[in-house]
$ cat coords_32.tsv   # TSV, C-alpha atoms
chain	number	residue	atom	x	y	z
A	1198	MET	CA	-6.12	28.80	-33.40
A	1199	VAL	CA	-3.52	30.30	-35.72
A	1200	ASN	CA	-0.35	28.27	-36.07
A	1201	ASP	CA	2.54	30.66	-36.58
A	1202	GLY	CA	4.93	27.81	-37.21
A	1203	HIS	CA	6.46	28.00	-33.75
A	1204	ILE	CA	6.79	24.61	-32.08
A	1205	PRO	CA	7.26	24.89	-28.30
A	1206	ASP	CA	10.16	22.90	-26.88
A	1207	ARG	CA	9.72	20.14	-24.29
A	1208	ALA	CA	10.81	22.37	-21.43
A	1209	ALA	CA	8.06	24.86	-22.25
A	1210	THR	CA	5.49	22.07	-22.34
A	1211	LEU	CA	6.56	20.84	-18.92
A	1212	GLU	CA	6.41	24.37	-17.55
A	1213	ALA	CA	2.79	24.63	-18.71
A	1214	ILE	CA	1.50	21.91	-16.37
A	1215	ARG	CA	0.38	22.47	-12.78
A	1216	PRO	CA	3.39	23.26	-10.57
A	1217	ALA	CA	2.20	20.78	-7.94
A	1218	ILE	CA	2.42	17.99	-10.51
A	1219	GLY	CA	5.79	19.14	-11.80
A	1220	ARG	CA	7.26	18.87	-8.31
A	1221	ILE	CA	6.38	15.19	-7.90
A	1222	PRO	CA	9.45	12.96	-8.45
A	1223	ILE	CA	9.25	11.08	-11.75
A	1224	GLU	CA	11.42	8.15	-10.66
A	1225	ASP	CA	9.52	5.38	-8.92
A	1226	ILE	CA	9.99	1.69	-8.18
A	1227	PHE	CA	8.85	0.63	-11.64
A	1228	SER	CA	11.11	3.08	-13.47
A	1229	PHE	CA	14.07	2.10	-11.28
A	1230	ALA	CA	13.51	-1.59	-11.96
A	1231	SER	CA	12.88	-1.20	-15.68
A	1232	GLY	CA	15.82	1.17	-16.04
A	1233	HIS	CA	18.35	-1.61	-15.48
A	1234	LYS	CA	19.34	-4.35	-17.87
A	1235	ALA	CA	17.95	-7.51	-16.34
A	1236	PRO	CA	20.53	-10.27	-15.94
A	1237	ASP	CA	19.63	-13.71	-17.25
A	1238	ASN	CA	19.46	-15.06	-13.70
A	1239	LEU	CA	17.29	-12.21	-12.35
A	1240	ILE	CA	15.23	-12.80	-9.22
A	1241	ALA	CA	12.97	-9.75	-9.11
A	1242	LEU	CA	12.11	-8.97	-5.51
A	1243	TRP	CA	11.61	-5.24	-5.99
A	1244	TYR	CA	7.84	-5.28	-6.60
A	1245	GLY	CA	5.24	-5.79	-3.89
A	1246	GLU	CA	3.47	-8.80	-5.33
A	1247	GLY	CA	3.72	-12.55	-5.11
A	1248	ASP	CA	4.38	-15.12	-7.81
A	1249	LEU	CA	1.15	-17.07	-7.26
A	1250	PRO	CA	-1.34	-16.58	-10.14
A	1251	THR	CA	-4.90	-15.83	-9.13
A	1252	PRO	CA	-6.51	-19.21	-8.32
A	1253	ALA	CA	-9.06	-20.71	-10.68
A	1254	PHE	CA	-12.07	-20.35	-8.36
A	1255	ILE	CA	-11.73	-16.56	-8.59
A	1256	GLY	CA	-10.97	-16.45	-12.31
A	1257	ASP	CA	-13.77	-18.88	-13.11
A	1258	ALA	CA	-16.32	-16.67	-11.33
A	1259	ALA	CA	-15.24	-13.67	-13.38
A	1260	ALA	CA	-15.18	-15.70	-16.61
A	1261	GLU	CA	-18.65	-17.07	-15.94
A	1262	ALA	CA	-19.95	-13.54	-15.38
A	1263	LEU	CA	-18.27	-12.41	-18.59
A	1264	ARG	CA	-19.85	-15.25	-20.59
A	1265	ALA	CA	-23.21	-14.44	-19.00
A	1266	GLY	CA	-23.03	-10.90	-20.37
A	1267	LYS	CA	-22.20	-9.09	-17.12
A	1268	THR	CA	-20.45	-6.37	-19.14
A	1269	PHE	CA	-22.60	-3.30	-18.52
A	1270	TYR	CA	-21.92	-0.33	-16.27
A	1271	PRO	CA	-21.69	-1.30	-12.61
A	1272	PRO	CA	-23.42	0.64	-9.82
A	1273	GLN	CA	-21.12	3.49	-8.89
A	1274	ASN	CA	-20.38	2.22	-5.38
A	1275	GLY	CA	-19.94	-1.35	-6.64
A	1276	LEU	CA	-22.04	-4.47	-7.09
A	1277	PRO	CA	-24.48	-4.95	-4.19
A	1278	GLN	CA	-23.34	-8.58	-3.94
A	1279	LEU	CA	-19.72	-7.51	-3.42
A	1280	ARG	CA	-20.51	-4.70	-1.01
A	1281	GLN	CA	-22.64	-7.06	1.06
A	1282	ALA	CA	-19.97	-9.77	1.01
A	1283	LEU	CA	-17.38	-7.28	2.25
A	1284	SER	CA	-19.79	-5.98	4.88
A	1285	GLN	CA	-20.18	-9.49	6.31
A	1286	TYR	CA	-16.45	-10.23	5.98
A	1287	LEU	CA	-15.33	-7.04	7.74
A	1288	THR	CA	-17.97	-7.33	10.47
A	1289	GLY	CA	-16.82	-10.85	11.25
A	1290	LEU	CA	-13.15	-9.93	11.12
A	1291	HIS	CA	-13.35	-6.88	13.37
A	1292	GLY	CA	-16.24	-7.78	15.66
A	1293	ARG	CA	-18.05	-4.51	14.93
A	1294	PRO	CA	-20.68	-3.78	12.28
A	1295	VAL	CA	-19.52	-2.53	8.90
A	1296	GLU	CA	-22.64	-1.82	6.86
A	1297	HIS	CA	-22.66	-2.19	3.08
A	1298	GLN	CA	-23.46	1.53	2.78
A	1299	GLU	CA	-20.00	2.18	4.23
A	1300	VAL	CA	-18.18	0.23	1.51
A	1301	THR	CA	-17.30	1.55	-1.95
A	1302	ILE	CA	-15.56	-0.67	-4.52
A	1303	THR	CA	-12.56	1.02	-6.12
A	1304	VAL	CA	-10.01	0.47	-8.88
A	1305	GLY	CA	-7.40	-0.94	-6.52
A	1306	GLY	CA	-6.25	0.42	-3.19
A	1307	MET	CA	-4.66	3.45	-4.83
A	1308	ASP	CA	-8.02	4.62	-6.17
A	1309	ALA	CA	-9.49	4.25	-2.68
A	1310	ILE	CA	-6.76	6.53	-1.33
A	1311	LEU	CA	-7.25	9.05	-4.13
A	1312	LEU	CA	-11.01	9.20	-3.54
A	1313	ALA	CA	-10.44	9.84	0.17
A	1314	LEU	CA	-8.00	12.65	-0.58
A	1315	LEU	CA	-10.31	14.22	-3.16
A	1316	ILE	CA	-13.19	14.32	-0.72
A	1317	ILE	CA	-11.15	15.73	2.18
A	1318	VAL	CA	-8.13	17.75	1.07
A	1319	GLU	CA	-7.95	21.14	-0.65
A	1320	ALA	CA	-4.90	22.88	-2.08
A	1321	GLY	CA	-2.99	24.49	0.77
A	1322	ASP	CA	-4.08	21.97	3.39
A	1323	ASN	CA	-1.47	19.75	4.96
A	1324	VAL	CA	-1.40	15.98	5.17
A	1325	ILE	CA	0.63	14.25	7.86
A	1326	VAL	CA	2.17	11.06	6.47
A	1327	VAL	CA	3.77	8.43	8.70
A	1328	ASP	CA	6.88	7.11	6.99
A	1329	PRO	CA	8.76	5.08	5.77
A	1330	VAL	CA	5.79	4.66	3.44
A	1331	TRP	CA	4.91	3.57	-0.08
A	1332	PRO	CA	6.00	6.53	-2.26
A	1333	ASN	CA	2.64	6.79	-4.05
A	1334	ILE	CA	1.11	8.27	-0.90
A	1335	LYS	CA	3.23	11.39	-0.76
A	1336	GLY	CA	2.99	11.77	-4.52
A	1337	ILE	CA	-0.80	11.70	-4.67
A	1338	ALA	CA	-1.08	14.09	-1.71
A	1339	GLN	CA	1.15	16.52	-3.60
A	1340	ALA	CA	-0.95	16.02	-6.73
A	1341	VAL	CA	-4.08	17.33	-4.97
A	1342	GLY	CA	-2.10	20.37	-3.81
A	1343	ALA	CA	-1.44	19.40	-0.20
A	1344	GLU	CA	1.65	20.11	1.83
A	1345	VAL	CA	3.09	16.76	2.94
A	1346	ARG	CA	4.38	16.65	6.51
A	1347	PRO	CA	6.30	13.41	7.08
A	1348	VAL	CA	6.54	11.92	10.55
A	1349	SER	CA	9.18	9.22	10.79
A	1350	MET	CA	8.72	6.04	12.77
A	1351	ASP	CA	11.49	5.18	15.20
A	1352	LEU	CA	13.61	2.04	14.94
A	1353	GLY	CA	14.46	0.54	18.32
A	1354	GLU	CA	15.22	-2.81	19.93
A	1355	ASP	CA	11.59	-3.91	19.46
A	1356	GLY	CA	11.38	-2.79	15.84
A	1357	TRP	CA	9.65	0.16	14.21
A	1358	SER	CA	7.21	2.18	16.31
A	1359	LEU	CA	5.25	5.42	16.01
A	1360	ASP	CA	5.53	8.12	18.67
A	1361	PRO	CA	2.13	9.91	18.75
A	1362	GLU	CA	3.81	13.02	20.14
A	1363	LYS	CA	5.67	13.43	16.86
A	1364	VAL	CA	2.33	13.43	15.06
A	1365	LYS	CA	0.92	15.93	17.55
A	1366	ALA	CA	3.82	18.30	16.90
A	1367	GLN	CA	2.88	18.54	13.19
A	1368	ILE	CA	-0.80	19.40	13.71
A	1369	ASP	CA	-2.04	22.92	13.00
A	1370	ASN	CA	-5.22	24.54	11.72
A	1371	LYS	CA	-4.42	23.47	8.16
A	1372	THR	CA	-4.10	19.76	9.00
A	1373	ARG	CA	-6.87	17.88	7.21
A	1374	LEU	CA	-5.62	14.31	7.14
A	1375	LEU	CA	-3.32	11.86	8.86
A	1376	PHE	CA	-2.20	8.93	6.70
A	1377	VAL	CA	-0.93	5.79	8.36
A	1378	ALA	CA	-0.34	2.30	6.97
A	1379	SER	CA	-0.46	-0.74	9.25
A	1380	PRO	CA	1.08	-3.22	8.61
A	1381	GLY	CA	3.39	-0.84	6.85
A	1382	ASN	CA	5.09	-0.93	3.50
A	1383	PRO	CA	8.12	-1.26	3.55
A	1384	THR	CA	8.72	-1.87	7.28
A	1385	GLY	CA	6.00	-4.38	8.12
A	1386	ALA	CA	5.44	-2.35	11.29
A	1387	VAL	CA	2.06	-2.57	13.00
A	1388	VAL	CA	0.59	0.38	14.90
A	1389	ASP	CA	-0.47	-0.97	18.29
A	1390	ARG	CA	-3.90	-0.46	19.79
A	1391	GLU	CA	-2.75	2.15	22.35
A	1392	THR	CA	-1.19	4.28	19.63
A	1393	GLN	CA	-4.28	3.92	17.45
A	1394	MET	CA	-6.40	5.19	20.33
A	1395	ARG	CA	-4.10	8.19	20.80
A	1396	LEU	CA	-4.35	9.06	17.12
A	1397	LEU	CA	-8.13	8.74	17.20
A	1398	GLU	CA	-8.31	11.04	20.23
A	1399	MET	CA	-6.21	13.63	18.35
A	1400	SER	CA	-8.55	13.36	15.37
A	1401	ARG	CA	-11.56	13.98	17.60
A	1402	GLN	CA	-9.89	16.92	19.32
A	1403	HIS	CA	-8.53	18.68	16.23
A	1404	GLY	CA	-11.06	17.62	13.61
A	1405	PHE	CA	-8.73	16.06	11.05
A	1406	TRP	CA	-9.41	12.79	9.24
A	1407	ILE	CA	-7.44	9.56	9.56
A	1408	LEU	CA	-6.92	7.48	6.43
A	1409	SER	CA	-5.65	4.04	7.36
A	1410	ASP	CA	-4.07	1.87	4.67
A	1411	GLU	CA	-4.80	-1.70	5.76
A	1412	VAL	CA	-3.92	-3.50	2.54
A	1413	TYR	CA	-1.64	-5.89	4.47
A	1414	SER	CA	-4.01	-6.40	7.40
A	1415	ARG	CA	-4.44	-10.14	6.71
A	1416	LEU	CA	-0.71	-10.68	6.13
A	1417	TYR	CA	-0.25	-10.46	9.89
A	1418	PHE	CA	1.75	-13.16	11.65
A	1419	GLU	CA	0.41	-12.75	15.18
A	1420	GLY	CA	-3.30	-13.25	14.61
A	1421	ASP	CA	-6.10	-13.34	12.06
A	1422	ALA	CA	-5.77	-9.65	11.23
A	1423	ALA	CA	-3.67	-6.72	12.40
A	1424	PRO	CA	-5.20	-4.21	14.84
A	1425	SER	CA	-7.49	-1.96	12.82
A	1426	LEU	CA	-9.21	1.36	13.28
A	1427	LEU	CA	-12.36	-0.55	12.34
A	1428	ASP	CA	-12.02	-2.28	15.72
A	1429	ILE	CA	-12.29	0.96	17.69
A	1430	ARG	CA	-13.97	3.68	15.61
A	1431	GLN	CA	-17.28	5.12	16.76
A	1432	PRO	CA	-20.13	6.66	14.74
A	1433	GLY	CA	-19.12	10.18	13.79
A	1434	ASP	CA	-15.39	9.50	13.82
A	1435	ARG	CA	-13.54	10.94	10.84
A	1436	VAL	CA	-11.99	7.67	9.76
A	1437	MET	CA	-11.60	6.00	6.38
A	1438	VAL	CA	-9.90	2.67	5.70
A	1439	ALA	CA	-8.42	1.70	2.32
A	1440	ASN	CA	-7.94	-1.93	1.38
A	1441	SER	CA	-7.38	-4.12	-1.66
A	1442	PHE	CA	-7.76	-7.61	-3.06
A	1443	SER	CA	-4.25	-7.36	-4.53
A	1444	LYS	CA	-2.03	-8.82	-1.84
A	1445	SER	CA	-4.02	-11.28	0.26
A	1446	TRP	CA	-5.91	-12.85	-2.65
A	1447	ALA	CA	-3.16	-12.80	-5.35
A	1448	MET	CA	-5.07	-10.29	-7.48
A	1449	THR	CA	-2.61	-7.44	-8.13
A	1450	GLY	CA	-3.45	-7.21	-11.84
A	1451	TRP	CA	-7.21	-7.17	-11.27
A	1452	ARG	CA	-7.13	-3.64	-9.82
A	1453	ILE	CA	-9.91	-4.06	-7.28
A	1454	GLY	CA	-9.96	-2.50	-3.83
A	1455	TRP	CA	-12.41	-0.88	-1.47
A	1456	LEU	CA	-12.83	2.12	0.78
A	1457	VAL	CA	-14.64	2.01	4.12
A	1458	HIS	CA	-16.10	5.43	4.90
A	1459	PRO	CA	-18.87	6.99	7.00
A	1460	PRO	CA	-22.27	6.01	5.55
A	1461	GLU	CA	-23.17	9.68	5.10
A	1462	LEU	CA	-20.55	9.89	2.32
A	1463	GLU	CA	-22.00	7.05	0.21
A	1464	GLU	CA	-23.59	9.30	-2.43
A	1465	THR	CA	-20.74	11.81	-2.50
A	1466	ILE	CA	-18.14	9.12	-3.11
A	1467	ALA	CA	-20.40	7.56	-5.76
A	1468	MET	CA	-20.37	10.92	-7.54
A	1469	LEU	CA	-16.56	11.00	-7.48
A	1470	VAL	CA	-16.42	7.45	-8.85
A	1471	GLN	CA	-18.69	8.54	-11.70
A	1472	TYR	CA	-16.42	11.49	-12.51
A	1473	SER	CA	-13.19	9.47	-12.35
A	1474	THR	CA	-13.27	5.76	-13.24
A	1475	SER	CA	-17.02	5.02	-13.48
A	1476	GLY	CA	-16.28	1.94	-11.42
A	1477	VAL	CA	-14.61	-1.46	-11.63
A	1478	ALA	CA	-15.52	-3.73	-14.57
A	1479	THR	CA	-18.70	-5.57	-13.62
A	1480	PHE	CA	-17.56	-9.10	-14.43
A	1481	LEU	CA	-14.35	-8.63	-12.45
A	1482	GLN	CA	-16.36	-7.80	-9.37
A	1483	TYR	CA	-17.96	-11.24	-9.51
A	1484	GLY	CA	-14.45	-12.68	-9.19
A	1485	ALA	CA	-13.93	-10.51	-6.12
A	1486	VAL	CA	-17.16	-11.85	-4.60
A	1487	ALA	CA	-15.77	-15.38	-4.94
A	1488	ALA	CA	-12.46	-14.28	-3.40
A	1489	VAL	CA	-13.96	-12.78	-0.27
A	1490	ARG	CA	-16.56	-15.53	0.24
A	1491	ASP	CA	-14.42	-18.58	-0.53
A	1492	GLY	CA	-10.83	-17.39	-0.20
A	1493	GLU	CA	-9.89	-17.85	3.46
A	1494	GLY	CA	-7.69	-20.83	2.62
A	1495	LEU	CA	-5.92	-18.72	-0.01
A	1496	VAL	CA	-5.33	-15.91	2.49
A	1497	ASP	CA	-3.81	-18.42	4.92
A	1498	GLN	CA	-1.57	-19.80	2.17
A	1499	ILE	CA	-0.25	-16.39	1.14
A	1500	ARG	CA	0.30	-15.34	4.76
A	1501	GLU	CA	2.38	-18.45	5.41
A	1502	GLN	CA	4.34	-17.91	2.21
A	1503	CYS	CA	5.24	-14.39	3.39
A	1504	ARG	CA	6.15	-15.60	6.88
A	1505	THR	CA	8.31	-18.42	5.51
A	1506	GLY	CA	10.05	-16.07	3.11
A	1507	ARG	CA	10.74	-13.61	5.92
A	1508	ASP	CA	12.28	-16.31	8.10
A	1509	ILE	CA	14.46	-17.66	5.29
A	1510	ILE	CA	15.86	-14.23	4.49
A	1511	TYR	CA	16.51	-13.41	8.14
A	1512	GLU	CA	18.39	-16.64	8.68
A	1513	ALA	CA	20.47	-16.16	5.54
A	1514	ILE	CA	21.56	-12.54	5.89
A	1515	GLY	CA	21.35	-12.06	9.64
A	1516	ALA	CA	24.89	-13.33	10.21
A	1517	SER	CA	26.47	-10.75	7.92
A	1518	SER	CA	28.49	-8.15	9.78
A	1519	ARG	CA	27.33	-5.47	7.35
A	1520	VAL	CA	23.61	-6.07	7.56
A	1521	VAL	CA	21.53	-3.82	9.84
A	1522	LEU	CA	18.51	-6.05	10.38
A	1523	PRO	CA	15.61	-4.84	12.55
A	1524	PRO	CA	13.60	-7.37	14.57
A	1525	LYS	CA	11.37	-9.54	12.43
A	1526	PRO	CA	8.34	-7.54	11.26
A	1527	PRO	CA	4.96	-8.77	12.50
A	1528	GLY	CA	3.29	-8.37	9.13
A	1529	SER	CA	3.34	-7.53	5.37
A	1530	MET	CA	5.46	-9.18	2.67
A	1531	TYR	CA	8.78	-7.39	3.08
A	1532	VAL	CA	12.16	-7.46	4.74
A	1533	TYR	CA	13.56	-3.96	5.17
A	1534	PHE	CA	17.26	-3.84	6.01
A	1535	ALA	CA	20.33	-1.63	5.64
A	1536	LEU	CA	23.93	-2.23	4.67
A	1537	ASP	CA	26.60	-0.69	6.86
A	1538	GLY	CA	28.97	1.40	4.76
A	1539	MET	CA	26.54	1.83	1.85
A	1540	PRO	CA	24.48	4.94	2.67
A	1541	ASP	CA	23.29	5.42	-0.92
A	1542	SER	CA	20.45	2.92	-1.32
A	1543	ARG	CA	20.25	3.31	-5.09
A	1544	GLN	CA	23.95	2.53	-5.40
A	1545	ALA	CA	23.53	-0.40	-3.01
A	1546	ALA	CA	20.61	-1.83	-5.00
A	1547	ARG	CA	22.55	-1.49	-8.26
A	1548	SER	CA	25.61	-3.14	-6.76
A	1549	ILE	CA	23.59	-6.06	-5.37
A	1550	LEU	CA	21.80	-6.51	-8.69
A	1551	SER	CA	25.07	-6.68	-10.62
A	1552	ARG	CA	26.73	-9.08	-8.14
A	1553	THR	CA	23.81	-11.38	-7.31
A	1554	GLY	CA	21.08	-10.93	-9.90
A	1555	VAL	CA	18.61	-10.12	-7.11
A	1556	GLY	CA	16.49	-7.00	-7.68
A	1557	LEU	CA	15.83	-4.96	-4.51
A	1558	THR	CA	14.13	-1.60	-4.01
A	1559	PRO	CA	16.15	1.38	-2.70
A	1560	GLY	CA	14.90	2.55	0.68
A	1561	SER	CA	15.14	6.19	-0.38
A	1562	PHE	CA	11.84	5.79	-2.24
A	1563	PHE	CA	10.06	5.32	1.10
A	1564	SER	CA	11.68	7.99	3.26
A	1565	ALA	CA	14.53	10.46	3.05
A	1566	GLN	CA	15.35	9.57	6.66
A	1567	ALA	CA	15.63	5.86	5.78
A	1568	GLU	CA	18.27	6.27	3.09
A	1569	GLY	CA	20.58	3.29	3.10
A	1570	PHE	CA	17.78	0.76	3.59
A	1571	LEU	CA	16.68	-1.79	1.01
A	1572	ARG	CA	13.30	-3.50	0.58
A	1573	LEU	CA	12.95	-7.16	-0.38
A	1574	CYS	CA	9.63	-8.83	-1.18
A	1575	THR	CA	9.27	-12.22	0.52
A	1576	CYS	CA	6.04	-13.35	-1.19
A	1577	ARG	CA	7.63	-15.92	-3.50
A	1578	ASN	CA	7.73	-19.69	-3.64
A	1579	GLU	CA	10.15	-21.24	-1.18
A	1580	ALA	CA	12.69	-22.37	-3.81
A	1581	THR	CA	12.98	-18.87	-5.25
A	1582	ILE	CA	13.40	-17.26	-1.82
A	1583	LYS	CA	16.04	-19.81	-0.82
A	1584	GLU	CA	17.98	-19.14	-4.01
A	1585	ALA	CA	17.78	-15.37	-3.49
A	1586	ALA	CA	18.82	-15.78	0.16
A	1587	ALA	CA	21.83	-17.91	-0.80
A	1588	ARG	CA	22.99	-15.35	-3.36
A	1589	LEU	CA	22.62	-12.47	-0.93
A	1590	ALA	CA	24.29	-14.29	1.95
A	1591	GLY	CA	27.42	-14.83	-0.12
A	1592	ASN	CA	27.67	-11.26	-1.41
A	1593	LEU	CA	26.85	-8.84	1.41
A	1594	ASP	CA	30.10	-8.95	3.44

$ encode --input "coords_32.tsv" --output "structure tokens"
Amino acid sequence: MVNDGHIPDRAATLEAIRPAIGRIPIEDIFSFASGHKAPDNLIALWYGEGDLPTPAFIGDAAAEALRAGKTFYPPQNGLPQLRQALSQYLTGLHGRPVEHQEVTITVGGMDAILLALLIIVEAGDNVIVVDPVWPNIKGIAQAVGAEVRPVSMDLGEDGWSLDPEKVKAQIDNKTRLLFVASPGNPTGAVVDRETQMRLLEMSRQHGFWILSDEVYSRLYFEGDAAPSLLDIRQPGDRVMVANSFSKSWAMTGWRIGWLVHPPELEETIAMLVQYSTSGVATFLQYGAVAAVRDGEGLVDQIREQCRTGRDIIYEAIGASSRVVLPPKPPGSMYVYFALDGMPDSRQAARSILSRTGVGLTPGSFFSAQAEGFLRLCTCRNEATIKEAAARLAGNLD
């Protein structure tokens, strides 16, 4: 290539990328948090992770595998030991068989979602997304060229709920996928069994897929696990379920998740893994085996930490005349509330950070319709949550 001495400017470089990528908002939770000077007394509750390090029994299993030389390429769908462990775990949890051929190990829950989109969605298709929702979902759907059709949950006296008729109104012949998260991030809302059945019936009638994000399924305060599409799906249903070790096993930095999919897609998804990440590091997967086989006590501990944190925050800020506080969420690790008179959630988060030293996430990241809301992560030790609650309680009126 001949260099004529002309150096393109940055604007020209940005114009040369795919338009679908250029339209995705650059600002996200991380950039918002890192874009502010952290006060010395910062309590960072803007990220969706706890403060509990991964316990030793998980780390030791990975370290032992590392020392034993388990450092070669993994099978594309994941270690057989891990797939089998998850098969047994999910079958026991949901009371219906989940075969190991239906489980692919992924680089976190986000990779599971990306693989599902890559295998289903083409440019020009539309994806119905139930929101408020983690902003990565709409962004990755846009990245594969899909039109995103948001359907907002309704906030009523009983909390957040999904009206299936609102989903039905968005379906057309270009609808390839419905994305729903339950328990949800940021709301903690759980899609009830009746609504799940309605969505499944729509999928069967119209032929679109359902991708269910169930990353918070074990952080459910009304039972062992939240209602799941794995409880009710039938052979032939176009259903995939994304999950992760991140939240319920204190493994956010490990980047290990899984995707449950029809067994017929095992080889196709393996091919996509080969062309994208080539799989999760082998020795790390041995740590995940230990987590799923021996980690029920850990799951219980993290669930109770989230429940306790939720209750502390509700008690502390619920008396404020300015706080719009929905009923307590039945799951996840968040409190999602609004401040009366502060419709700009970014401004509200900045103001709270400067006055209290508590970092919260603006609700506008999760839904344009939920502007004014703020998300707070409750998965912290009790002393930290009590300190954050005390600061907020004295500075929200």

$ closest_residue --input "coords_32.tsv" --among "A:Val1438, A:Leu1427, A:Ile1302, A:Val1326" --to "A:Val1457" --atoms "all atoms listed in the file"
A:Val1438

$ closest_atom_pairs --input "coords_32.tsv" --of "stretch 1484-1559 of chain A" --to "stretch 1264-1276 of chain A" --cutoff "12 Å" --atoms "only C-alpha atoms" --output "CSV"
residue,atom,partner,partner_atom,distance
A:Gly1484,CA,A:Leu1276,CA,11.4
A:Ala1485,CA,A:Leu1276,CA,10.2
A:Val1486,CA,A:Leu1276,CA,9.2

$ residues_around --input "coords_32.tsv" --residues "A:Ile1514" --least-positions-apart "3" --cutoff "8 Å" --atoms "all atoms listed in the file" --output "ChimeraX atom specification"
/A:1510-1511,1517,1520,1586,1589-1590,1593

$ write_last_selection --input "coords_32.tsv" --atoms "C-alpha atoms" --output "JSON list (two decimals), keeping the file's coordinate frame"
[["chain", "number", "residue", "atom", "x", "y", "z"],
["A", 1510, "ILE", "CA", 15.86, -14.23, 4.49],
["A", 1511, "TYR", "CA", 16.51, -13.41, 8.14],
["A", 1517, "SER", "CA", 26.47, -10.75, 7.92],
["A", 1520, "VAL", "CA", 23.61, -6.07, 7.56],
["A", 1586, "ALA", "CA", 18.82, -15.78, 0.16],
["A", 1589, "LEU", "CA", 22.62, -12.47, -0.93],
["A", 1590, "ALA", "CA", 24.29, -14.29, 1.95],
["A", 1593, "LEU", "CA", 26.85, -8.84, 1.41]]

$ residues_around --input "coords_32.tsv" --residues "A:His1291" --least-positions-apart "3" --cutoff "8 Å" --atoms "all atoms listed in the file" --output "mmCIF file with C-alpha atoms, keeping the file's coordinate frame"
data_model
loop_
_atom_site.group_PDB
_atom_site.id
_atom_site.type_symbol
_atom_site.label_atom_id
_atom_site.label_comp_id
_atom_site.auth_asym_id
_atom_site.auth_seq_id
_atom_site.Cartn_x
_atom_site.Cartn_y
_atom_site.Cartn_z
ATOM 1 C CA LEU A 1287 -15.330 -7.040 7.740
ATOM 2 C CA THR A 1288 -17.970 -7.330 10.470
ATOM 3 C CA SER A 1425 -7.490 -1.960 12.820
ATOM 4 C CA LEU A 1427 -12.360 -0.550 12.340
ATOM 5 C CA ASP A 1428 -12.020 -2.280 15.720
#

$ atom_distance --input "coords_32.tsv" --atom1 "atom CA of A:Val1412" --atom2 "atom CA of A:Val1532"
16.7 Å

$ closest_residue --input "coords_32.tsv" --among "A:Thr1465, A:Met1448, A:Ser1409, A:Leu1426" --to "A:Leu1315" --atoms "all atoms listed in the file"
A:Thr1465

$ closest_residue --input "coords_32.tsv" --among "A:Phe1227, A:Tyr1417, A:Phe1405, A:Phe1254" --to "A:Gly1528" --atoms "only C-alpha atoms"
A:Tyr1417

$ closest_residue --input "coords_32.tsv" --among "A:Val1318, A:Ala1230, A:Cys1576, A:Ala1260" --to "A:Arg1543" --atoms "only C-alpha atoms"
A:Ala1230

$ closest_residue --input "coords_32.tsv" --among "A:Ile1368, A:Val1436, A:Val1324, A:Val1330" --to "A:Phe1563" --atoms "all atoms listed in the file"
A:Val1330

$ residues_around --input "coords_32.tsv" --residues "A:Gly1420" --least-positions-apart "4" --cutoff "10 Å" --atoms "only C-alpha atoms" --output "list in words"
Ser1414, Arg1415, Leu1416, Pro1424, Pro1527 and Gly1528 of chain A

$ residues_around --input "coords_32.tsv" --residues "A:Leu1396" --least-positions-apart "2" --cutoff "10 Å" --atoms "only C-alpha atoms" --output "list in words"
Pro1361, Glu1362, Val1364, Lys1365, Leu1375, Val1377, Arg1390, Glu1391, Thr1392, Gln1393, Met1394, Glu1398, Met1399, Ser1400, Arg1401, Gln1402, Ile1407 and Leu1426 of chain A

$ residues_around --input "coords_32.tsv" --residues "A:Arg1435" --least-positions-apart "3" --cutoff "10 Å" --atoms "only C-alpha atoms" --output "PDB file with C-alpha atoms, in the coordinates of the input"
ATOM      1  CA  LEU A1374      -5.620  14.310   7.140  1.00  0.00           C
ATOM      2  CA  LEU A1397      -8.130   8.740  17.200  1.00  0.00           C
ATOM      3  CA  SER A1400      -8.550  13.360  15.370  1.00  0.00           C
ATOM      4  CA  ARG A1401     -11.560  13.980  17.600  1.00  0.00           C
ATOM      5  CA  GLY A1404     -11.060  17.620  13.610  1.00  0.00           C
ATOM      6  CA  PHE A1405      -8.730  16.060  11.050  1.00  0.00           C
ATOM      7  CA  TRP A1406      -9.410  12.790   9.240  1.00  0.00           C
ATOM      8  CA  ILE A1407      -7.440   9.560   9.560  1.00  0.00           C
ATOM      9  CA  LEU A1408      -6.920   7.480   6.430  1.00  0.00           C
ATOM     10  CA  ARG A1430     -13.970   3.680  15.610  1.00  0.00           C
ATOM     11  CA  GLN A1431     -17.280   5.120  16.760  1.00  0.00           C
ATOM     12  CA  PRO A1432     -20.130   6.660  14.740  1.00  0.00           C
ATOM     13  CA  HIS A1458     -16.100   5.430   4.900  1.00  0.00           C
ATOM     14  CA  PRO A1459     -18.870   6.990   7.000  1.00  0.00           C
TER      15      PRO A1459
END

$ closest_atom_pairs --input "coords_32.tsv" --of "stretch 1287-1403 of chain A" --to "stretch 1569-1572 of chain A" --cutoff "10 Å" --atoms "all atoms listed in the file" --output "JSON lines"
{"residue": "A:Asn1382", "atom": "CA", "partner": "A:Arg1572", "partner_atom": "CA", "distance": 9.1}
{"residue": "A:Pro1383", "atom": "CA", "partner": "A:Arg1572", "partner_atom": "CA", "distance": 6.4}
{"residue": "A:Thr1384", "atom": "CA", "partner": "A:Arg1572", "partner_atom": "CA", "distance": 8.3}

$ atom_distance --input "coords_32.tsv" --atom1 "atom CA of A:Asn1238" --atom2 "atom CA of A:Gly1560"
23.2 Å

$ residues_near_point --input "coords_32.tsv" --point "(17.1, -12.9, -12.6)" --cutoff "10 Å" --atoms "all atoms listed in the file" --output "PyMOL selection string"
chain A and resi 1235-1242+1550+1553-1556+1585
